[in-house]
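K.L.:
My questions will all concern the structure given below.
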Amino acid sequence: MEHGWYDARLSWNESEFDDIGVLRLPTSMVWLPEIVLENNNDAQFQVAYYCNVLIYPDGLVYWLPPAIFRSSCSINVNYFPFDWQNCSLKFTSLTYNAKEITMYLKEDADENGSFKVEWIIIDPAGFTENGEWEIIHMPARRNTYKSIPMESNKHQDITFYLIIKRKPLFYIVNIIIPCVLISFMATLVYYLPADSGEKMTLSISVLLAQSVFLLLISQRLPETSMAIPLIVKYLMFIMVLVTVVVLNCVVVLNLHFRTPSTHVMTEWTREFFLERLPRLMHMSRPAEAEPSFAGALPRRSSSVGYIAKAEEYYSVKSRSELMFEKQSERHGLTARTTPAGAVKPEVDGEVTEQLYSEMKPAVDGANYIVKHMHDKNDYSGEKDDWSGIARTVDRLCLLMVTPVMTLGTIVIFMTGICNHPPPLPFEGDPYNYLEESKRYL
């Protein structure tokens, strides 16, 4: 940092001293203003090397000591990793107050006139661009505080401001994009069928992956409780949603594996979850078609019809024809027709009673089989209804979670993307403090 001041006691007439235009003296032989970096973080107020000072005949003393300044500034991580920071270097004299010395910015001149250097001069040859931060503004300003008396050394200072913006590309590629992709994998849980047994596995895996990302991010952030970083807000938002997805999976699996032997389905449940909600969500269930077989025999209504037909058939056919009729048809032989009533039983009552006693067990067995099939169909139908309710709840959760996750992701990250540094260094000051916009005196 360049120092310059006037000392009338060190002025001379060049013609009287062999035209000496400049003197080089050690710092121990001249007065120094003792200007130091007030907000340093290493407690080193001394310069790295006390080089000679240059003294000119008009009393101007010029001193350019080499030094490395280390300062600290408060970091606002509210919009991390889309944040920008304002770090300042505050120089003041801890030995002399405002009545003893007056601090000004350096004055320079060009062909248009003289001007104050109100910006930080960066040497392109010695500057290495940082891979994480970008310099947006670098103004310099002389500050005076009227509320502090001039007898105090804090009444005035020269402050150099560095308004820097973080380059978020590293965090976008390595943290944000994988985090968003893994987060939206949670919606794939609703596309897995409940019978696959992988719904809980996928949702819990996504939850664990989000926990790992939260652990990685916490290692790269400063330990502060003043603000919650933007990426942490997103991870907490996603973890809450994934927790809701896990709870949804538990409810869906509970509904899917319900049976009529464990739960009773009410009429409003059937109507609401199987008729109204699917209609609102444009869900469709495949229609159950009745099985049809070509050449099927006509279905008889009851066992009375079986007995009547059997009695009529027995009365017109002999026992030998009853036994060998089907076998003759299989061998291609024509069955002999018997006129109705040609052979009549001797006693009609005995034949009917015998036929009834022979066919009743078969009819009872057929009725039992039919009743068992009806009960089984009713059981399977109600179980399928529970599965349909589970699918309806699954679709309902998908339509609720996906828009919330998408909208939340867009809103959270758009607040960070729109967090830009101010176009001017100081609010209310129209000057941009750039070298191209010199303010001539």
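Each chain in the structure tokens gets a letter, A, B, ..., in the order shown, and its residues are numbered from 1; ligands are numbered from 1 in order too.
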Write out as a list in words each polymer residue whose atoms come within 12 Å of Asn248 of chain A, counting only C-alpha atoms; drop sequence neighbours fewer than 6 positions from it.

P.N.:
Ala186, Thr187, Val189, Tyr190, Ala194, Lys199, Met200, Ser203, Leu241, Val242, Asn254, Leu255, Ala390, Arg391, Thr392, Val393, Asp394, Arg395, Leu396, Cys397, Leu398, Met400 and Val401 of chain A

K.L.:
Keeping only C-alpha atoms, write the selected residues to a file as a short mmCIF file (atom, residue, chain, number, x, y, z; two decimals), in the first residue's frame.

P.N.:
```
data_model
loop_
_atom_site.label_atom_id
_atom_site.label_comp_id
_atom_site.auth_asym_id
_atom_site.auth_seq_id
_atom_site.Cartn_x
_atom_site.Cartn_y
_atom_site.Cartn_z
CA ALA A 186 -38.76 -40.46 -4.88
CA THR A 187 -41.70 -39.91 -7.26
CA VAL A 189 -42.00 -44.99 -5.87
CA TYR A 190 -45.58 -44.37 -6.95
CA ALA A 194 -47.20 -52.85 -4.37
CA LYS A 199 -41.55 -49.40 -2.68
CA MET A 200 -40.20 -49.05 0.84
CA SER A 203 -38.06 -44.48 -0.70
CA LEU A 241 -41.20 -34.75 1.30
CA VAL A 242 -39.39 -38.09 1.14
CA ASN A 254 -51.53 -51.52 4.25
CA LEU A 255 -54.48 -50.93 1.91
CA ALA A 390 -54.44 -48.66 -2.82
CA ARG A 391 -53.80 -47.73 -6.46
CA THR A 392 -56.13 -44.74 -6.14
CA VAL A 393 -54.33 -43.50 -3.01
CA ASP A 394 -51.00 -44.08 -4.79
CA ARG A 395 -52.09 -41.95 -7.74
CA LEU A 396 -53.51 -39.28 -5.43
CA CYS A 397 -50.19 -39.03 -3.55
CA LEU A 398 -48.30 -38.86 -6.87
CA MET A 400 -49.92 -34.15 -4.77
CA VAL A 401 -46.21 -34.77 -4.12
#
```

K.L.:
Please provide as a ChimeraX atom specification all residues within 6 Å of Ile163 of chain A, with the sequence filter that same-chain residues fewer than 6 positions apart are discarded (counting only C-alpha atoms).

P.N.:
/A:85-86,136-137

K.L.:
Output N, CA and C atoms for every residue in that selection, as a short mmCIF file (atom, residue, chain, number, x, y, z; two decimals), in the first residue's frame.

P.N.:
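part-v4.cif, written as the output of this step:
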```cif
data_model
loop_
_atom_site.label_atom_id
_atom_site.label_comp_id
_atom_site.auth_asym_id
_atom_site.auth_seq_id
_atom_site.Cartn_x
_atom_site.Cartn_y
_atom_site.Cartn_z
N GLN A 85 -20.54 -11.57 -1.19
CA GLN A 85 -20.06 -11.05 0.08
C GLN A 85 -19.43 -9.67 -0.13
N ASN A 86 -19.45 -8.89 0.94
CA ASN A 86 -18.83 -7.57 0.95
C ASN A 86 -17.74 -7.58 2.01
N ILE A 136 -16.64 -8.25 -8.19
CA ILE A 136 -17.68 -7.46 -8.87
C ILE A 136 -17.38 -5.97 -8.75
N HIS A 137 -17.17 -5.47 -7.55
CA HIS A 137 -16.84 -4.06 -7.31
C HIS A 137 -15.63 -4.00 -6.38
#
```

K.L.:
Give me the residues near Val36 of chain A as JSON, numbers by chain, where near means some atom within 6 Å (using only C-alpha atoms) and where sequence neighbours in that chain fewer than 4 positions away do not count.

P.N.:
{"A": [45, 91, 92]}

K.L.:
In Å to one decimal, how far is atom CA of Val30 of chain A from atom CA of Pro65 of chain A?

P.N.:
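A separation of 14.3 Å between them.
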
K.L.:
Any chance you could list, as a ChimeraX atom specification, the residues in segment 148-238 of chain A that come up alpha helix (DSSP H) when DSSP is run on the backbone?

P.N.:
/A:169-171,177-184,199-218,230-238

K.L.:
Please save N, CA, C and O atoms of the selected residues as a compact mmCIF listing (two decimals), in the first residue's frame.

P.N.:
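Result went into result_12.txt, see below:
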```txt
# COMPACT_ATOMS: atom_id res chain seq x y z
N LEU A 169 -20.70 -22.87 -10.21
CA LEU A 169 -20.66 -24.00 -11.13
C LEU A 169 -20.23 -25.29 -10.43
O LEU A 169 -20.81 -26.37 -10.68
N PHE A 170 -19.24 -25.22 -9.57
CA PHE A 170 -18.76 -26.41 -8.87
C PHE A 170 -19.88 -27.03 -8.05
O PHE A 170 -20.08 -28.26 -8.06
N TYR A 171 -20.63 -26.21 -7.34
CA TYR A 171 -21.70 -26.73 -6.48
C TYR A 171 -22.89 -27.21 -7.30
O TYR A 171 -23.57 -28.15 -6.90
N ILE A 177 -27.24 -30.72 -8.88
CA ILE A 177 -27.83 -31.60 -9.90
C ILE A 177 -28.00 -33.03 -9.38
O ILE A 177 -29.09 -33.61 -9.52
N PRO A 178 -26.98 -33.66 -8.77
CA PRO A 178 -27.24 -35.01 -8.21
C PRO A 178 -28.32 -35.01 -7.14
O PRO A 178 -29.12 -35.95 -7.06
N CYS A 179 -28.36 -33.95 -6.33
CA CYS A 179 -29.37 -33.89 -5.28
C CYS A 179 -30.79 -33.81 -5.87
O CYS A 179 -31.70 -34.48 -5.41
N VAL A 180 -30.95 -32.99 -6.91
CA VAL A 180 -32.28 -32.85 -7.54
C VAL A 180 -32.68 -34.16 -8.22
O VAL A 180 -33.84 -34.60 -8.12
N LEU A 181 -31.74 -34.80 -8.91
CA LEU A 181 -32.06 -36.06 -9.59
C LEU A 181 -32.46 -37.14 -8.59
O LEU A 181 -33.44 -37.87 -8.80
N ILE A 182 -31.72 -37.24 -7.50
CA ILE A 182 -32.06 -38.24 -6.49
C ILE A 182 -33.40 -37.90 -5.84
O ILE A 182 -34.19 -38.79 -5.50
N SER A 183 -33.67 -36.62 -5.67
CA SER A 183 -34.93 -36.22 -5.05
C SER A 183 -36.13 -36.62 -5.91
O SER A 183 -37.12 -37.14 -5.39
N PHE A 184 -36.01 -36.42 -7.21
CA PHE A 184 -37.14 -36.78 -8.08
C PHE A 184 -37.26 -38.28 -8.28
O PHE A 184 -38.27 -38.74 -8.82
N LYS A 199 -41.15 -50.78 -2.91
CA LYS A 199 -41.55 -49.40 -2.68
C LYS A 199 -40.84 -48.81 -1.46
O LYS A 199 -40.27 -47.72 -1.53
N MET A 200 -40.85 -49.53 -0.36
CA MET A 200 -40.20 -49.05 0.84
C MET A 200 -38.69 -48.97 0.65
O MET A 200 -38.03 -48.05 1.15
N THR A 201 -38.12 -49.93 -0.07
CA THR A 201 -36.67 -49.94 -0.28
C THR A 201 -36.23 -48.70 -1.04
O THR A 201 -35.24 -48.04 -0.67
N LEU A 202 -36.93 -48.36 -2.11
CA LEU A 202 -36.56 -47.20 -2.91
C LEU A 202 -36.72 -45.90 -2.14
O LEU A 202 -35.83 -45.03 -2.16
N SER A 203 -37.82 -45.73 -1.43
CA SER A 203 -38.06 -44.48 -0.70
C SER A 203 -37.05 -44.28 0.42
O SER A 203 -36.51 -43.18 0.61
N ILE A 204 -36.72 -45.34 1.15
CA ILE A 204 -35.74 -45.21 2.23
C ILE A 204 -34.34 -44.99 1.66
O ILE A 204 -33.53 -44.26 2.24
N SER A 205 -34.04 -45.58 0.50
CA SER A 205 -32.74 -45.34 -0.13
C SER A 205 -32.59 -43.88 -0.52
O SER A 205 -31.51 -43.28 -0.35
N VAL A 206 -33.64 -43.27 -1.05
CA VAL A 206 -33.59 -41.84 -1.38
C VAL A 206 -33.40 -41.01 -0.12
O VAL A 206 -32.63 -40.03 -0.10
N LEU A 207 -34.07 -41.38 0.96
CA LEU A 207 -33.93 -40.64 2.21
C LEU A 207 -32.50 -40.73 2.75
O LEU A 207 -31.93 -39.73 3.21
N LEU A 208 -31.89 -41.89 2.64
CA LEU A 208 -30.50 -42.04 3.08
C LEU A 208 -29.55 -41.24 2.20
O LEU A 208 -28.57 -40.66 2.68
N ALA A 209 -29.81 -41.23 0.89
CA ALA A 209 -28.96 -40.44 -0.01
C ALA A 209 -29.04 -38.96 0.31
O ALA A 209 -28.02 -38.25 0.29
N GLN A 210 -30.22 -38.46 0.65
CA GLN A 210 -30.34 -37.05 1.04
C GLN A 210 -29.58 -36.77 2.34
O GLN A 210 -28.97 -35.70 2.49
N SER A 211 -29.57 -37.71 3.24
CA SER A 211 -28.81 -37.53 4.49
C SER A 211 -27.32 -37.45 4.21
O SER A 211 -26.60 -36.65 4.84
N VAL A 212 -26.84 -38.24 3.27
CA VAL A 212 -25.42 -38.20 2.90
C VAL A 212 -25.08 -36.84 2.28
O VAL A 212 -24.03 -36.24 2.59
N PHE A 213 -25.92 -36.33 1.42
CA PHE A 213 -25.69 -35.01 0.82
C PHE A 213 -25.69 -33.92 1.89
O PHE A 213 -24.88 -32.99 1.83
N LEU A 214 -26.57 -34.02 2.85
CA LEU A 214 -26.60 -33.03 3.94
C LEU A 214 -25.31 -33.08 4.74
O LEU A 214 -24.77 -32.04 5.15
N LEU A 215 -24.77 -34.27 4.96
CA LEU A 215 -23.50 -34.41 5.67
C LEU A 215 -22.35 -33.80 4.87
O LEU A 215 -21.47 -33.13 5.43
N LEU A 216 -22.34 -34.02 3.56
CA LEU A 216 -21.28 -33.45 2.72
C LEU A 216 -21.32 -31.93 2.70
O LEU A 216 -20.28 -31.26 2.75
N ILE A 217 -22.51 -31.37 2.63
CA ILE A 217 -22.63 -29.91 2.56
C ILE A 217 -22.25 -29.28 3.89
O ILE A 217 -21.63 -28.21 3.93
N SER A 218 -22.60 -29.93 4.99
CA SER A 218 -22.26 -29.36 6.30
C SER A 218 -20.76 -29.25 6.50
O SER A 218 -20.29 -28.41 7.28
N LEU A 230 -29.15 -21.84 1.59
CA LEU A 230 -30.22 -22.16 0.65
C LEU A 230 -30.23 -23.64 0.32
O LEU A 230 -31.29 -24.27 0.27
N ILE A 231 -29.06 -24.24 0.09
CA ILE A 231 -29.00 -25.65 -0.26
C ILE A 231 -29.45 -26.53 0.90
O ILE A 231 -30.06 -27.58 0.70
N VAL A 232 -29.20 -26.09 2.13
CA VAL A 232 -29.66 -26.84 3.29
C VAL A 232 -31.18 -26.74 3.41
O VAL A 232 -31.86 -27.72 3.77
N LYS A 233 -31.73 -25.57 3.10
CA LYS A 233 -33.20 -25.44 3.09
C LYS A 233 -33.81 -26.41 2.08
O LYS A 233 -34.82 -27.06 2.36
N TYR A 234 -33.18 -26.52 0.91
CA TYR A 234 -33.72 -27.43 -0.11
C TYR A 234 -33.62 -28.88 0.36
O TYR A 234 -34.57 -29.66 0.18
N LEU A 235 -32.49 -29.25 0.95
CA LEU A 235 -32.33 -30.63 1.41
C LEU A 235 -33.33 -30.95 2.52
O LEU A 235 -33.90 -32.06 2.55
N MET A 236 -33.56 -30.02 3.43
CA MET A 236 -34.55 -30.27 4.48
C MET A 236 -35.95 -30.37 3.89
O MET A 236 -36.76 -31.20 4.32
N PHE A 237 -36.24 -29.53 2.91
CA PHE A 237 -37.55 -29.60 2.23
C PHE A 237 -37.74 -30.96 1.55
O PHE A 237 -38.80 -31.60 1.67
N ILE A 238 -36.68 -31.43 0.86
CA ILE A 238 -36.78 -32.71 0.17
C ILE A 238 -36.87 -33.86 1.18
O ILE A 238 -37.62 -34.84 0.97
```

K.L.:
Can you tell me, as a ChimeraX atom specification, what residues are no more than 12 Å from Thr262 of chain A when counting only C-alpha atoms, ignoring any on the same chain fewer than 3 positions away?

P.N.:
/A:254-255,257-259,265,379,382-383,386

K.L.:
Would you please give, as an MDAnalysis selection string, all residues of segment 23-84 of chain A that DSSP assigns to strand (DSSP E or B) based on the backbone?

P.N.:
chainID A and resid 23:25 35:37 40 53:55 60:63 71 84

K.L.:
Using C-alpha atoms, can you write the selected residues to a file as an mmCIF file, in the first residue's frame?

P.N.:
```
data_model
loop_
_atom_site.group_PDB
_atom_site.id
_atom_site.type_symbol
_atom_site.label_atom_id
_atom_site.label_comp_id
_atom_site.auth_asym_id
_atom_site.auth_seq_id
_atom_site.Cartn_x
_atom_site.Cartn_y
_atom_site.Cartn_z
ATOM 1 C CA LEU A 23 16.726 11.390 -0.793
ATOM 2 C CA ARG A 24 16.518 7.759 0.272
ATOM 3 C CA LEU A 25 16.525 7.307 4.014
ATOM 4 C CA ILE A 35 -1.249 3.435 9.362
ATOM 5 C CA VAL A 36 -2.242 -0.206 9.883
ATOM 6 C CA LEU A 37 -5.007 -2.615 8.893
ATOM 7 C CA ASN A 40 -6.705 -7.919 10.432
ATOM 8 C CA VAL A 53 11.487 6.195 2.183
ATOM 9 C CA LEU A 54 11.827 8.639 -0.724
ATOM 10 C CA ILE A 55 11.955 12.334 0.165
ATOM 11 C CA LEU A 60 6.789 14.994 -0.101
ATOM 12 C CA VAL A 61 7.629 11.714 1.613
ATOM 13 C CA TYR A 62 6.808 8.569 -0.358
ATOM 14 C CA TRP A 63 6.874 5.109 1.203
ATOM 15 C CA SER A 71 -8.392 -9.709 6.968
ATOM 16 C CA TRP A 84 -22.106 -12.657 -2.672
#
```

K.L.:
Go through A:Glu129, A:Cys51, A:Glu118, A:Gln354 and flag the residue nearest Ser28 of chain A, using only C-alpha atoms for the distances.

P.N.:
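Result for the nearest residue to Ser28 of chain A: A:Cys51.
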
K.L.:
Tell me which protein, DNA and RNA residues are within 9 Å of Ser114 of chain A, counting only C-alpha atoms, leaving out same-chain ones fewer than 3 positions away, and put them as a PyMOL selection string.

P.N.:
chain A and resi 107-111+439-441

K.L.:
Rounded to one decimal place, report the atom CA of Cys418 of chain A-atom CA of Ile122 of chain A distance in Å.

P.N.:
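So the answer is 28.6 Å.
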
K.L.:
Find the residue from A:Cys249, A:Gly131, A:Ile158, A:Asp7 that sits nearest to Pro193 of chain A; use only C-alpha atoms when measuring.

P.N.:
A:Cys249

K.L.:
Compare A:Thr352, A:Glu38, A:Ile389, A:Glu223 by their minimum atom-to-atom distance to Phe272 of chain A, counting only C-alpha atoms, and give me the closest one.

P.N.:
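Under the stated criterion, the closest residue is A:Ile389.
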
K.L.:
Quick check, in Å to one decimal: how far apart do atom CA of Ser196 of chain A and atom CA of Val404 of chain A lie?

P.N.:
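These atoms are spaced 26.3 Å apart.
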
K.L.:
Env of Asn130 of chain A: 12 Å cut, atoms = only C-alpha atoms, seq-sep filter 6 positions within chain, self excluded. Answer as a PyMOL selection string.

P.N.:
chain A and resi 164-167

K.L.:
So that I have them on file, write out the residues from the current selection with all heavy atoms, as a PDB file, in the first residue's frame.

P.N.:
```pdb
ATOM      1  N   ILE A 164     -17.546  -9.378  -3.748  1.00  0.00           N
ATOM      2  CA  ILE A 164     -17.219 -10.585  -4.516  1.00  0.00           C
ATOM      3  C   ILE A 164     -18.438 -11.491  -4.581  1.00  0.00           C
ATOM      4  O   ILE A 164     -19.276 -11.503  -3.671  1.00  0.00           O
ATOM      5  CB  ILE A 164     -16.018 -11.331  -3.892  1.00  0.00           C
ATOM      6  CG1 ILE A 164     -16.287 -11.643  -2.420  1.00  0.00           C
ATOM      7  CG2 ILE A 164     -14.750 -10.511  -4.042  1.00  0.00           C
ATOM      8  CD1 ILE A 164     -15.165 -12.390  -1.732  1.00  0.00           C
ATOM      9  N   LYS A 165     -18.517 -12.250  -5.664  1.00  0.00           N
ATOM     10  CA  LYS A 165     -19.623 -13.174  -5.895  1.00  0.00           C
ATOM     11  C   LYS A 165     -19.072 -14.579  -6.076  1.00  0.00           C
ATOM     12  O   LYS A 165     -18.080 -14.782  -6.766  1.00  0.00           O
ATOM     13  CB  LYS A 165     -20.423 -12.756  -7.135  1.00  0.00           C
ATOM     14  CG  LYS A 165     -21.609 -13.665  -7.445  1.00  0.00           C
ATOM     15  CD  LYS A 165     -22.333 -13.211  -8.699  1.00  0.00           C
ATOM     16  CE  LYS A 165     -23.504 -14.127  -9.026  1.00  0.00           C
ATOM     17  NZ  LYS A 165     -24.188 -13.728 -10.273  1.00  0.00           N
ATOM     18  N   ARG A 166     -19.734 -15.541  -5.456  1.00  0.00           N
ATOM     19  CA  ARG A 166     -19.299 -16.921  -5.555  1.00  0.00           C
ATOM     20  C   ARG A 166     -19.645 -17.502  -6.928  1.00  0.00           C
ATOM     21  O   ARG A 166     -20.733 -17.257  -7.455  1.00  0.00           O
ATOM     22  CB  ARG A 166     -19.942 -17.771  -4.455  1.00  0.00           C
ATOM     23  CG  ARG A 166     -19.340 -19.166  -4.315  1.00  0.00           C
ATOM     24  CD  ARG A 166     -20.175 -20.006  -3.362  1.00  0.00           C
ATOM     25  NE  ARG A 166     -20.305 -19.390  -2.056  1.00  0.00           N
ATOM     26  CZ  ARG A 166     -19.452 -19.559  -1.055  1.00  0.00           C
ATOM     27  NH1 ARG A 166     -18.394 -20.350  -1.232  1.00  0.00           N
ATOM     28  NH2 ARG A 166     -19.646 -18.963   0.106  1.00  0.00           N
ATOM     29  N   LYS A 167     -18.727 -18.271  -7.486  1.00  0.00           N
ATOM     30  CA  LYS A 167     -18.985 -18.984  -8.738  1.00  0.00           C
ATOM     31  C   LYS A 167     -19.652 -20.312  -8.408  1.00  0.00           C
ATOM     32  O   LYS A 167     -19.030 -21.206  -7.829  1.00  0.00           O
ATOM     33  CB  LYS A 167     -17.684 -19.207  -9.497  1.00  0.00           C
ATOM     34  CG  LYS A 167     -16.974 -17.917  -9.903  1.00  0.00           C
ATOM     35  CD  LYS A 167     -15.663 -18.212 -10.601  1.00  0.00           C
ATOM     36  CE  LYS A 167     -14.951 -16.919 -10.985  1.00  0.00           C
ATOM     37  NZ  LYS A 167     -13.649 -17.180 -11.649  1.00  0.00           N
TER      38      LYS A 167
END
```
